[in-house]
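This is query.txt. It holds compact mmCIF, C-alpha atoms and all ligand atoms.
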# COMPACT_ATOMS: atom_id res chain seq x y z
CA MET A 1 12.93 19.50 8.67
CA SER A 2 16.01 17.63 7.40
CA LYS A 3 15.71 15.62 4.24
CA LYS A 4 15.07 11.90 4.43
CA ILE A 5 17.63 9.53 2.94
CA ALA A 6 16.81 6.83 0.39
CA LEU A 7 19.11 3.99 -0.68
CA VAL A 8 18.38 2.38 -4.04
CA THR A 9 20.24 -0.84 -4.87
CA GLY A 10 21.19 -1.53 -8.48
CA ALA A 11 20.44 2.16 -8.95
CA MET A 12 22.40 2.62 -12.15
CA GLY A 13 20.33 0.09 -14.12
CA GLY A 14 17.17 0.77 -16.13
CA ILE A 15 14.51 0.79 -13.41
CA GLY A 16 16.91 1.93 -10.66
CA THR A 17 17.82 5.11 -12.54
CA GLU A 18 14.19 6.18 -12.80
CA ILE A 19 13.47 5.26 -9.17
CA SER A 20 16.44 7.40 -8.08
CA LYS A 21 15.21 10.36 -10.13
CA PHE A 22 11.65 10.12 -8.81
CA LEU A 23 12.84 9.95 -5.18
CA ALA A 24 15.18 12.91 -5.70
CA ARG A 25 12.29 14.95 -7.17
CA ASP A 26 10.27 13.97 -4.08
CA GLY A 27 12.92 15.62 -1.90
CA PHE A 28 14.92 12.63 -0.70
CA ILE A 29 18.71 12.56 -0.54
CA VAL A 30 19.30 9.58 -2.81
CA VAL A 31 22.17 7.15 -2.35
CA THR A 32 22.70 5.08 -5.48
CA ASN A 33 24.26 1.65 -5.08
CA CYS A 34 26.30 -0.10 -7.74
CA LEU A 35 28.68 -3.04 -7.75
CA PRO A 36 32.23 -2.28 -6.51
CA GLY A 37 34.35 -1.05 -9.42
CA TYR A 38 31.33 -0.56 -11.71
CA PRO A 39 33.02 0.87 -14.81
CA GLN A 40 30.17 3.21 -15.82
CA LYS A 41 29.76 4.75 -12.36
CA ASP A 42 31.41 8.13 -13.05
CA GLU A 43 29.80 8.45 -16.47
CA TRP A 44 26.36 7.71 -14.98
CA LEU A 45 26.88 10.18 -12.12
CA ALA A 46 28.01 12.88 -14.57
CA LYS A 47 24.99 12.27 -16.80
CA MET A 48 22.68 12.51 -13.81
CA LYS A 49 24.40 15.70 -12.62
CA ALA A 50 23.89 17.23 -16.07
CA GLU A 51 20.19 16.43 -15.69
CA GLY A 52 20.17 18.14 -12.27
CA PHE A 53 20.45 15.12 -9.97
CA ASP A 54 23.12 15.09 -7.24
CA PHE A 55 23.27 11.44 -6.32
CA ILE A 56 25.68 9.92 -3.82
CA ALA A 57 27.14 6.64 -5.06
CA ALA A 58 27.59 3.70 -2.68
CA GLU A 59 29.53 0.72 -3.93
CA GLY A 60 28.56 -2.66 -2.56
CA ASP A 61 27.90 -6.19 -3.74
CA ILE A 62 24.34 -6.96 -2.72
CA ALA A 63 25.11 -10.68 -2.82
CA SER A 64 27.64 -10.29 0.01
CA TYR A 65 26.49 -9.64 3.58
CA GLU A 66 29.91 -8.25 4.54
CA SER A 67 29.94 -5.88 1.59
CA CYS A 68 26.46 -4.62 2.51
CA THR A 69 27.49 -4.11 6.15
CA ALA A 70 30.46 -2.00 5.07
CA MET A 71 28.41 -0.07 2.51
CA VAL A 72 25.59 0.84 4.91
CA LYS A 73 28.06 1.78 7.67
CA LYS A 74 29.79 4.16 5.26
CA VAL A 75 26.49 5.69 4.16
CA GLU A 76 25.36 6.16 7.75
CA THR A 77 28.65 7.85 8.68
CA GLU A 78 28.99 10.05 5.63
CA VAL A 79 25.35 10.77 4.74
CA GLY A 80 23.09 9.70 7.60
CA PRO A 81 20.61 6.99 8.57
CA ILE A 82 18.62 5.35 5.79
CA ASP A 83 14.88 6.04 5.88
CA VAL A 84 13.86 4.39 2.61
CA LEU A 85 15.39 1.25 1.12
CA VAL A 86 14.51 0.16 -2.40
CA ASN A 87 15.71 -3.40 -2.97
CA ASN A 88 15.98 -3.13 -6.74
CA ALA A 89 19.24 -4.86 -7.72
CA GLY A 90 18.55 -8.02 -9.65
CA ILE A 91 19.91 -10.38 -12.28
CA THR A 92 18.72 -13.13 -14.59
CA ARG A 93 20.52 -16.35 -15.52
CA ASP A 94 17.75 -17.92 -17.58
CA GLY A 95 17.74 -21.51 -18.77
CA MET A 96 15.41 -24.48 -18.87
CA PHE A 97 15.69 -26.29 -15.54
CA ARG A 98 17.21 -29.50 -16.92
CA LYS A 99 20.07 -27.48 -18.35
CA MET A 100 20.38 -25.01 -15.46
CA ASP A 101 23.60 -25.45 -13.55
CA LYS A 102 24.23 -24.77 -9.87
CA GLY A 103 26.08 -21.57 -10.72
CA GLN A 104 23.00 -20.11 -12.43
CA TRP A 105 20.82 -21.10 -9.47
CA ASP A 106 23.17 -19.71 -6.83
CA ALA A 107 23.89 -16.44 -8.63
CA VAL A 108 20.22 -15.55 -8.90
CA ILE A 109 19.30 -16.62 -5.37
CA ASP A 110 22.32 -14.78 -3.94
CA VAL A 111 21.47 -11.42 -5.55
CA ASN A 112 17.69 -11.50 -5.90
CA LEU A 113 16.75 -13.16 -2.61
CA SER A 114 19.69 -13.20 -0.18
CA GLY A 115 20.52 -9.68 -1.40
CA VAL A 116 17.22 -8.47 0.01
CA PHE A 117 18.14 -9.94 3.39
CA ASN A 118 21.70 -8.61 3.20
CA VAL A 119 20.68 -4.96 2.83
CA THR A 120 17.39 -4.89 4.72
CA HIS A 121 19.04 -6.46 7.78
CA GLN A 122 21.41 -3.48 8.02
CA VAL A 123 18.69 -0.82 8.10
CA ILE A 124 15.54 -2.27 9.65
CA GLY A 125 16.59 -1.78 13.30
CA GLY A 126 17.35 1.90 12.80
CA MET A 127 14.07 2.50 10.99
CA ALA A 128 12.10 0.79 13.78
CA ASP A 129 13.98 2.68 16.50
CA ARG A 130 13.33 6.02 14.78
CA GLY A 131 9.67 5.11 14.20
CA TRP A 132 9.58 5.65 10.45
CA GLY A 133 10.80 3.67 7.47
CA ARG A 134 9.97 2.27 4.06
CA ILE A 135 11.20 -0.98 2.53
CA ILE A 136 10.22 -1.38 -1.12
CA ASN A 137 11.10 -4.65 -2.83
CA ILE A 138 11.14 -4.97 -6.61
CA SER A 139 9.85 -8.49 -7.26
CA SER A 140 8.39 -9.66 -10.59
CA VAL A 141 5.24 -10.93 -12.28
CA ASN A 142 7.24 -14.10 -12.87
CA GLY A 143 7.57 -14.62 -9.12
CA ILE A 144 3.78 -14.78 -9.02
CA ARG A 145 2.83 -16.71 -12.15
CA GLY A 146 6.11 -18.56 -12.97
CA GLN A 147 7.95 -18.50 -16.27
CA ALA A 148 9.55 -21.33 -18.25
CA GLY A 149 13.30 -20.78 -18.21
CA GLN A 150 13.24 -18.94 -14.87
CA THR A 151 12.96 -21.48 -12.04
CA ASN A 152 15.81 -19.68 -10.27
CA TYR A 153 14.48 -16.16 -10.84
CA ALA A 154 10.84 -17.02 -10.09
CA ALA A 155 11.85 -18.81 -6.88
CA ALA A 156 13.83 -15.78 -5.71
CA LYS A 157 11.13 -13.29 -6.68
CA ALA A 158 8.41 -15.39 -5.01
CA GLY A 159 10.64 -15.66 -1.93
CA GLU A 160 10.85 -11.89 -1.87
CA LEU A 161 7.06 -11.75 -1.56
CA GLY A 162 7.03 -14.06 1.47
CA PHE A 163 9.80 -11.96 2.99
CA THR A 164 7.80 -8.78 2.35
CA LYS A 165 4.64 -10.06 4.02
CA SER A 166 6.44 -11.49 7.05
CA LEU A 167 8.67 -8.50 7.73
CA ALA A 168 5.69 -6.17 7.24
CA LEU A 169 3.96 -7.89 10.16
CA GLU A 170 7.06 -7.67 12.36
CA VAL A 171 7.51 -3.91 11.98
CA ALA A 172 3.94 -2.73 11.39
CA LYS A 173 3.65 -1.09 14.82
CA LYS A 174 6.99 0.71 14.41
CA GLY A 175 6.01 3.05 11.60
CA VAL A 176 7.87 0.97 9.04
CA THR A 177 6.08 -0.34 5.96
CA VAL A 178 7.31 -3.20 3.77
CA ASN A 179 5.82 -3.62 0.31
CA ALA A 180 6.63 -5.29 -2.98
CA ILE A 181 6.08 -4.24 -6.56
CA ALA A 182 5.72 -7.01 -9.14
CA PRO A 183 6.51 -5.49 -12.53
CA GLY A 184 5.75 -7.22 -15.80
CA TYR A 185 8.14 -6.91 -18.75
CA ILE A 186 9.79 -3.47 -18.62
CA ALA A 187 12.01 -2.13 -21.42
CA THR A 188 15.50 -2.33 -19.85
CA GLU A 189 18.73 -4.23 -20.53
CA MET A 190 17.29 -7.19 -18.62
CA VAL A 191 14.52 -7.68 -21.16
CA LEU A 192 16.77 -6.76 -24.10
CA ALA A 193 18.96 -9.72 -23.06
CA ILE A 194 16.18 -12.14 -24.09
CA LYS A 195 16.62 -13.53 -27.60
CA GLU A 196 14.73 -11.21 -29.97
CA GLU A 197 12.34 -13.83 -31.27
CA VAL A 198 11.41 -15.00 -27.76
CA ARG A 199 11.19 -11.41 -26.53
CA ASN A 200 8.79 -10.45 -29.31
CA GLN A 201 6.59 -13.43 -28.46
CA LEU A 202 6.54 -12.42 -24.79
CA ILE A 203 5.68 -8.79 -25.53
CA ALA A 204 2.95 -9.85 -27.94
CA GLN A 205 1.20 -11.50 -24.98
CA ILE A 206 0.90 -8.22 -23.05
CA PRO A 207 -2.68 -6.93 -23.30
CA VAL A 208 -1.68 -3.23 -23.44
CA GLY A 209 0.47 -4.13 -26.45
CA ARG A 210 3.88 -2.95 -25.26
CA ALA A 211 6.56 -3.40 -22.66
CA GLY A 212 6.36 -1.16 -19.60
CA LYS A 213 8.54 1.89 -19.03
CA PRO A 214 10.89 2.20 -16.01
CA GLU A 215 9.13 5.41 -14.94
CA GLU A 216 5.87 3.49 -14.66
CA ILE A 217 7.49 1.49 -11.84
CA ALA A 218 9.25 4.49 -10.32
CA GLY A 219 5.96 6.36 -9.96
CA LEU A 220 4.68 3.66 -7.64
CA VAL A 221 7.92 3.60 -5.64
CA SER A 222 7.44 7.34 -5.17
CA TYR A 223 3.99 6.72 -3.66
CA LEU A 224 5.16 3.85 -1.44
CA ALA A 225 8.02 5.96 -0.08
CA SER A 226 5.70 8.82 0.86
CA ASP A 227 4.05 9.59 4.19
CA ILE A 228 0.59 9.09 2.70
CA ALA A 229 1.42 5.40 2.06
CA GLY A 230 1.69 4.67 5.79
CA PHE A 231 -1.41 2.45 5.84
CA MET A 232 -0.19 0.22 3.01
CA THR A 233 2.04 -2.60 4.18
CA GLY A 234 2.67 -6.22 3.24
CA ALA A 235 1.19 -5.53 -0.19
CA THR A 236 2.23 -6.86 -3.57
CA LEU A 237 1.39 -4.33 -6.27
CA ASN A 238 1.14 -5.50 -9.86
CA ILE A 239 2.21 -3.33 -12.80
CA ASN A 240 2.23 -5.61 -15.80
CA GLY A 241 0.09 -4.20 -18.61
CA GLY A 242 -2.56 -6.80 -17.89
CA LEU A 243 -0.22 -9.76 -18.49
CA HIS A 244 -1.33 -11.44 -15.27
CA ILE A 245 -4.58 -10.43 -13.60
CA TYR A 246 -5.73 -12.30 -10.50
N1 LIG A 301 7.14 -23.23 -22.11
C1 LIG A 301 7.44 -24.54 -22.15
N2 LIG A 301 8.46 -25.03 -22.86
C2 LIG A 301 9.19 -24.17 -23.56
C3 LIG A 301 8.93 -22.80 -23.56
C4 LIG A 301 7.84 -22.34 -22.80
N3 LIG A 301 7.53 -21.04 -22.74
N4 LIG A 301 9.84 -22.20 -24.36
C5 LIG A 301 10.63 -23.17 -24.84
N5 LIG A 301 10.24 -24.35 -24.37
C6 LIG A 301 10.80 -25.66 -24.66
C7 LIG A 301 10.97 -25.89 -26.15
O1 LIG A 301 9.78 -26.36 -26.71
C8 LIG A 301 12.06 -26.95 -26.21
O2 LIG A 301 11.51 -28.20 -25.88
P1 LIG A 301 12.13 -29.57 -26.50
O3 LIG A 301 13.55 -29.64 -26.02
O4 LIG A 301 11.26 -30.63 -25.96
O5 LIG A 301 12.05 -29.39 -27.98
C9 LIG A 301 12.94 -26.51 -25.03
O6 LIG A 301 12.14 -25.71 -24.17
C10 LIG A 301 14.09 -25.66 -25.52
O7 LIG A 301 15.01 -25.64 -24.51
P2 LIG A 301 16.39 -24.93 -24.71
O8 LIG A 301 17.12 -25.01 -23.42
O9 LIG A 301 17.11 -25.43 -25.93
O10 LIG A 301 15.91 -23.44 -25.00
P3 LIG A 301 16.77 -22.23 -25.38
O11 LIG A 301 18.15 -22.39 -24.87
O12 LIG A 301 16.60 -21.92 -26.80
O13 LIG A 301 16.06 -21.06 -24.54
C11 LIG A 301 15.53 -19.79 -22.63
C12 LIG A 301 15.77 -21.18 -23.15
C13 LIG A 301 16.86 -19.02 -22.58
C14 LIG A 301 15.01 -19.92 -21.21
C15 LIG A 301 14.53 -19.03 -23.52
O14 LIG A 301 13.40 -19.81 -23.71
C16 LIG A 301 14.11 -17.70 -22.94
O15 LIG A 301 14.85 -16.73 -22.96
N6 LIG A 301 12.89 -17.63 -22.43
C17 LIG A 301 12.33 -16.41 -21.84
C18 LIG A 301 12.53 -16.42 -20.35
C19 LIG A 301 12.01 -15.13 -19.80
O16 LIG A 301 10.86 -14.77 -19.90
N7 LIG A 301 12.91 -14.35 -19.15
C20 LIG A 301 12.53 -13.07 -18.64
C21 LIG A 301 13.77 -12.20 -18.54
S1 LIG A 301 13.37 -10.51 -18.13
C22 LIG A 301 12.91 -10.64 -16.54
O17 LIG A 301 13.13 -11.62 -15.87
C23 LIG A 301 12.21 -9.47 -15.96
C24 LIG A 301 10.96 -9.86 -15.34
O18 LIG A 301 10.92 -10.01 -14.12
C25 LIG A 301 9.76 -9.97 -16.14
P1 LIG A 302 19.02 -3.80 -15.07
O1 LIG A 302 18.93 -2.61 -15.96
O2 LIG A 302 19.86 -4.94 -15.47
O3 LIG A 302 19.44 -3.28 -13.62
C1 LIG A 302 19.80 -4.14 -12.59
C2 LIG A 302 20.88 -3.46 -11.79
O4 LIG A 302 21.24 -4.28 -10.67
C3 LIG A 302 22.14 -3.23 -12.61
O5 LIG A 302 22.57 -1.91 -12.44
C4 LIG A 302 23.10 -4.23 -12.02
O6 LIG A 302 24.45 -3.86 -12.10
C5 LIG A 302 22.65 -4.26 -10.59
N1 LIG A 302 23.20 -5.39 -9.88
C6 LIG A 302 23.26 -6.69 -10.30
N2 LIG A 302 23.86 -7.45 -9.39
C7 LIG A 302 24.22 -6.63 -8.36
C8 LIG A 302 24.89 -6.84 -7.13
N3 LIG A 302 25.33 -8.05 -6.77
N4 LIG A 302 25.10 -5.78 -6.34
C9 LIG A 302 24.69 -4.54 -6.70
N5 LIG A 302 24.05 -4.29 -7.86
C10 LIG A 302 23.81 -5.33 -8.69
O7 LIG A 302 17.58 -4.41 -14.83
P2 LIG A 302 16.20 -3.70 -14.42
O8 LIG A 302 15.22 -4.14 -15.39
O9 LIG A 302 16.40 -2.27 -14.14
O10 LIG A 302 15.91 -4.49 -13.07
C11 LIG A 302 15.74 -3.87 -11.81
C12 LIG A 302 14.93 -4.80 -10.92
O11 LIG A 302 13.63 -4.95 -11.46
C13 LIG A 302 15.49 -6.20 -10.79
O12 LIG A 302 15.34 -6.67 -9.47
C14 LIG A 302 14.63 -7.01 -11.72
O13 LIG A 302 14.60 -8.35 -11.36
C15 LIG A 302 13.31 -6.31 -11.53
N6 LIG A 302 12.36 -6.51 -12.60
C16 LIG A 302 12.67 -6.15 -13.86
C17 LIG A 302 11.73 -6.34 -14.87
C18 LIG A 302 11.99 -5.99 -16.29
O14 LIG A 302 11.20 -6.43 -17.14
N7 LIG A 302 13.01 -5.22 -16.63
C19 LIG A 302 10.50 -6.91 -14.56
C20 LIG A 302 10.24 -7.27 -13.24
C21 LIG A 302 11.17 -7.06 -12.28
P3 LIG A 302 25.38 -4.34 -13.35
O15 LIG A 302 24.79 -3.69 -14.55
O16 LIG A 302 26.72 -3.83 -12.97
O17 LIG A 302 25.27 -5.83 -13.36

How does this structure look as structure tokens?
Ligand code: CAA
Ligand code: NAP
Amino acid sequence: MSKKIALVTGAMGGIGTEISKFLARDGFIVVTNCLPGYPQKDEWLAKMKAEGFDFIAAEGDIASYESCTAMVKKVETEVGPIDVLVNNAGITRDGMFRKMDKGQWDAVIDVNLSGVFNVTHQVIGGMADRGWGRIINISSVNGIRGQAGQTNYAAAKAGELGFTKSLALEVAKKGVTVNAIAPGYIATEMVLAIKEEVRNQLIAQIPVGRAGKPEEIAGLVSYLASDIAGFMTGATLNINGGLHIY
């Protein structure tokens, strides 16, 4: 049987790198998205190759529908149809709401919410027609519980959950599952960007006493992408060290 193809957006970041590695170990051909002209692309690919991973890079700006159309078309022509999509690319532009400007709002909504539409829309028809597919959306604990300083981010991440549930219902009979993971604070550049004092206060609130590791998210992506996960759809799965239990 030919290998299935997985596309991971924002694949060269902290969580994306681990997701890509887990899916490759599971036997997928993994296409790793990054922004057009991403300066560390070749270095990242070489590092991965040295570790034994042969990833195929796909440049595309997730915030742009046209860029995503071109990217997916190229992947389909040069690699093949996409069976698994991990909507992982994301950004923060934190600030208290009164001080948040329209640019901060738009940037986060464009990547974290519209970006999910922009890529998923390219692949969902093919998955449904072929009768098998997996959409895995990386949301956030802060899309569920809210977080001061993140009205933009929490709105986008909460929106992603509504998207997940609704699309799951639309494609449930077609062999395509749509699920979301809501990670808590995971040790990547995104969390390192928080001012140290604030970051330490946030991590001190986590019941397990530490930030999560990217591989702890990737392990769940691996399960959701598998055949055995075919009965799980529309779910939001929490991995947050006990920060928010409901
Ligand atoms: N709740 C309520 N009010 C708070 C607050 C909180 N948690 N933290 C600060 N404030 C209040 C202060 O008391 C102060 O009030 P006054 O003006 O009345 O004195 C005011 O907010 C300070 O506002 P500033 O705009 O001056 O704050 P700042 O510029 O120093 O910092 C911030 C604002 C950048 C948002 C900073 O608080 C911050 O980084 N917070 C953390 C946000 C966060 O958790 N981001 C997660 C990033 S990682 C990620 O997103 C991954 C994921 O999914 C988990
Ligand atoms: P990260 O290391 O900053 O990785 C994010 C990746 O997304 C980066 O490689 C970034 O590229 C890429 N990206 C940003 N904008 C893009 C765009 N327009 N098009 C294509 N790629 C783009 O952060 P991370 O922690 O791994 O985050 C991965 C996902 O997990 C995000 O959706 C995030 O919201 C979510 N999440 C993270 C945490 C956490 O605590 N770390 C918790 C919950 C959820 P550049 O580096 O070139 O900008």

Test item: residues lying within 8 Å of ligand LIG 301 (chain A) with only C-alpha atoms and all ligand atoms, as JSON, numbers by chain: {"A": [91, 92, 94, 95, 96, 98, 99, 139, 140, 141, 142, 143, 147, 148, 149, 150, 153, 182, 183, 184, 185, 186, 190, 191, 192, 193, 194, 195, 198, 199, 202]}

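Note that the spacing between CA of Asn137 in chain A and atom C17 of ligand LIG 302 (chain A) amounts to 12.2 Å.
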
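Every protein or nucleic acid residue with an atom no more than 7 Å from Pro207 in chain A, counting only C-alpha atoms and leaving out same-chain residues fewer than 5 positions away, appears here: Gly241, Gly242 and Leu243 of chain A.
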
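Among the candidates A:Ile136, A:Ile15, A:Ala128, A:Val31, the one nearest to ligand LIG 302 (chain A) when counting all atoms listed in the file is A:Ile15.
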
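Distances from A:His121, A:Lys174, A:Lys165, A:Lys157 to ligand LIG 302 (chain A) were compared using only C-alpha atoms and all ligand atoms, and the smallest one belongs to A:Lys157.
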
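Distance annotation: of A:Gln201, A:Asn112, A:Ser20, A:Thr77, the residue with the minimal separation from Arg93 in chain A is A:Asn112; atom set is all atoms listed in the file.
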
- request: Please provide the set of residues having any atom within 8 Å of Gly131 in chain A, restricted to all atoms listed in the file, with same-chain residues fewer than 4 positions apart removed, written as a PyMOL selection string.
  value: chain A and resi 127+174-176

Around all of ligand LIG 302 (chain A)'s listed atoms, make the axis-aligned box with 8 Å on each side and tell me centre and edge lengths in Å to one decimal, as lines of an AutoDock Vina configuration file.
center_x = 18.5
center_y = -5.1
center_z = -11.7
size_x = 32.5
size_y = 22.4
size_z = 26.8

- prompt: In Å to one decimal, how far is CA of Ile19 in chain A from atom N1 of ligand LIG 302 (chain A)?
  reply: 14.4 Å

message: Applying 12 Å and all atoms listed in the file, which residues near Met232 in chain A remain after dropping the ones on its own chain fewer than 4 positions away? List them as a ChimeraX atom specification.
response: /A:134-136,165,168-169,172,175-180,223-228,236-237

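Checking A:Ile144, A:Ala187, A:Leu161, A:Ala235 one by one against ligand LIG 302 (chain A), counting all atoms listed in the file, you find the shortest gap at A:Ala187.
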
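CA of Thr164 in chain A lies 8.6 Å from CA of Thr233 in chain A.
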
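With all atoms listed in the file taken into account, the protein and nucleic acid residues at most 6 Å from Asn88 in chain A (excluding it and anything under 6 positions from it in its own chain) are Thr9, Gly10 and Ile138 of chain A.
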
task: Please provide the set of residues having any atom within 7 Å of Asn33 in chain A, restricted to only C-alpha atoms, with same-chain residues fewer than 4 positions apart removed, written as a list in words.
output: Val8, Thr9, Gly10, Ala11, Ala57, Ala58, Glu59 and Gly60 of chain A

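Closest to Thr69 in chain A among A:Ile245, A:Val221, A:Leu7, A:Val119 is A:Val119, based on only C-alpha atoms.
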
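Between Asp26 in chain A and the residues A:Ile239, A:Val111, A:Leu85, A:Ala218, the shortest atom-to-atom distance, using only C-alpha atoms, involves A:Ala218.
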
For range 141-154 of chain A, which lacks atoms in the input, supply N, CA and C atoms and format the output as an mmCIF file, in the frame of the given file.
data_model
loop_
_atom_site.group_PDB
_atom_site.id
_atom_site.type_symbol
_atom_site.label_atom_id
_atom_site.label_comp_id
_atom_site.auth_asym_id
_atom_site.auth_seq_id
_atom_site.Cartn_x
_atom_site.Cartn_y
_atom_site.Cartn_z
ATOM 1 N N VAL A 141 6.425 -10.146 -11.903
ATOM 2 C CA VAL A 141 5.240 -10.930 -12.280
ATOM 3 C C VAL A 141 5.603 -12.415 -12.362
ATOM 4 N N ASN A 142 6.865 -12.695 -12.713
ATOM 5 C CA ASN A 142 7.240 -14.100 -12.870
ATOM 6 C C ASN A 142 7.463 -14.801 -11.532
ATOM 7 N N GLY A 143 7.550 -14.038 -10.458
ATOM 8 C CA GLY A 143 7.570 -14.620 -9.120
ATOM 9 C C GLY A 143 6.167 -15.006 -8.678
ATOM 10 N N ILE A 144 5.172 -14.483 -9.376
ATOM 11 C CA ILE A 144 3.780 -14.780 -9.020
ATOM 12 C C ILE A 144 3.235 -15.897 -9.914
ATOM 13 N N ARG A 145 3.463 -15.761 -11.219
ATOM 14 C CA ARG A 145 2.830 -16.710 -12.150
ATOM 15 C C ARG A 145 3.777 -17.808 -12.627
ATOM 16 N N GLY A 146 5.134 -17.619 -12.420
ATOM 17 C CA GLY A 146 6.110 -18.560 -12.970
ATOM 18 C C GLY A 146 6.413 -18.243 -14.414
ATOM 19 N N GLN A 147 7.559 -18.717 -14.875
ATOM 20 C CA GLN A 147 7.950 -18.500 -16.270
ATOM 21 C C GLN A 147 8.933 -19.592 -16.674
ATOM 22 N N ALA A 148 8.617 -20.310 -17.750
ATOM 23 C CA ALA A 148 9.550 -21.330 -18.250
ATOM 24 C C ALA A 148 10.904 -20.673 -18.494
ATOM 25 N N GLY A 149 11.950 -21.325 -18.029
ATOM 26 C CA GLY A 149 13.300 -20.780 -18.210
ATOM 27 C C GLY A 149 13.757 -19.953 -17.020
ATOM 28 N N GLN A 150 12.893 -19.820 -16.001
ATOM 29 C CA GLN A 150 13.240 -18.940 -14.870
ATOM 30 C C GLN A 150 12.938 -19.594 -13.514
ATOM 31 N N THR A 151 13.223 -20.876 -13.350
ATOM 32 C CA THR A 151 12.960 -21.480 -12.040
ATOM 33 C C THR A 151 13.740 -20.762 -10.942
ATOM 34 N N ASN A 152 14.979 -20.386 -11.260
ATOM 35 C CA ASN A 152 15.810 -19.680 -10.270
ATOM 36 C C ASN A 152 15.235 -18.296 -9.954
ATOM 37 N N TYR A 153 14.965 -17.549 -10.982
ATOM 38 C CA TYR A 153 14.480 -16.160 -10.840
ATOM 39 C C TYR A 153 13.095 -16.140 -10.185
ATOM 40 N N ALA A 154 12.203 -17.000 -10.646
ATOM 41 C CA ALA A 154 10.840 -17.020 -10.090
ATOM 42 C C ALA A 154 10.866 -17.437 -8.626
#
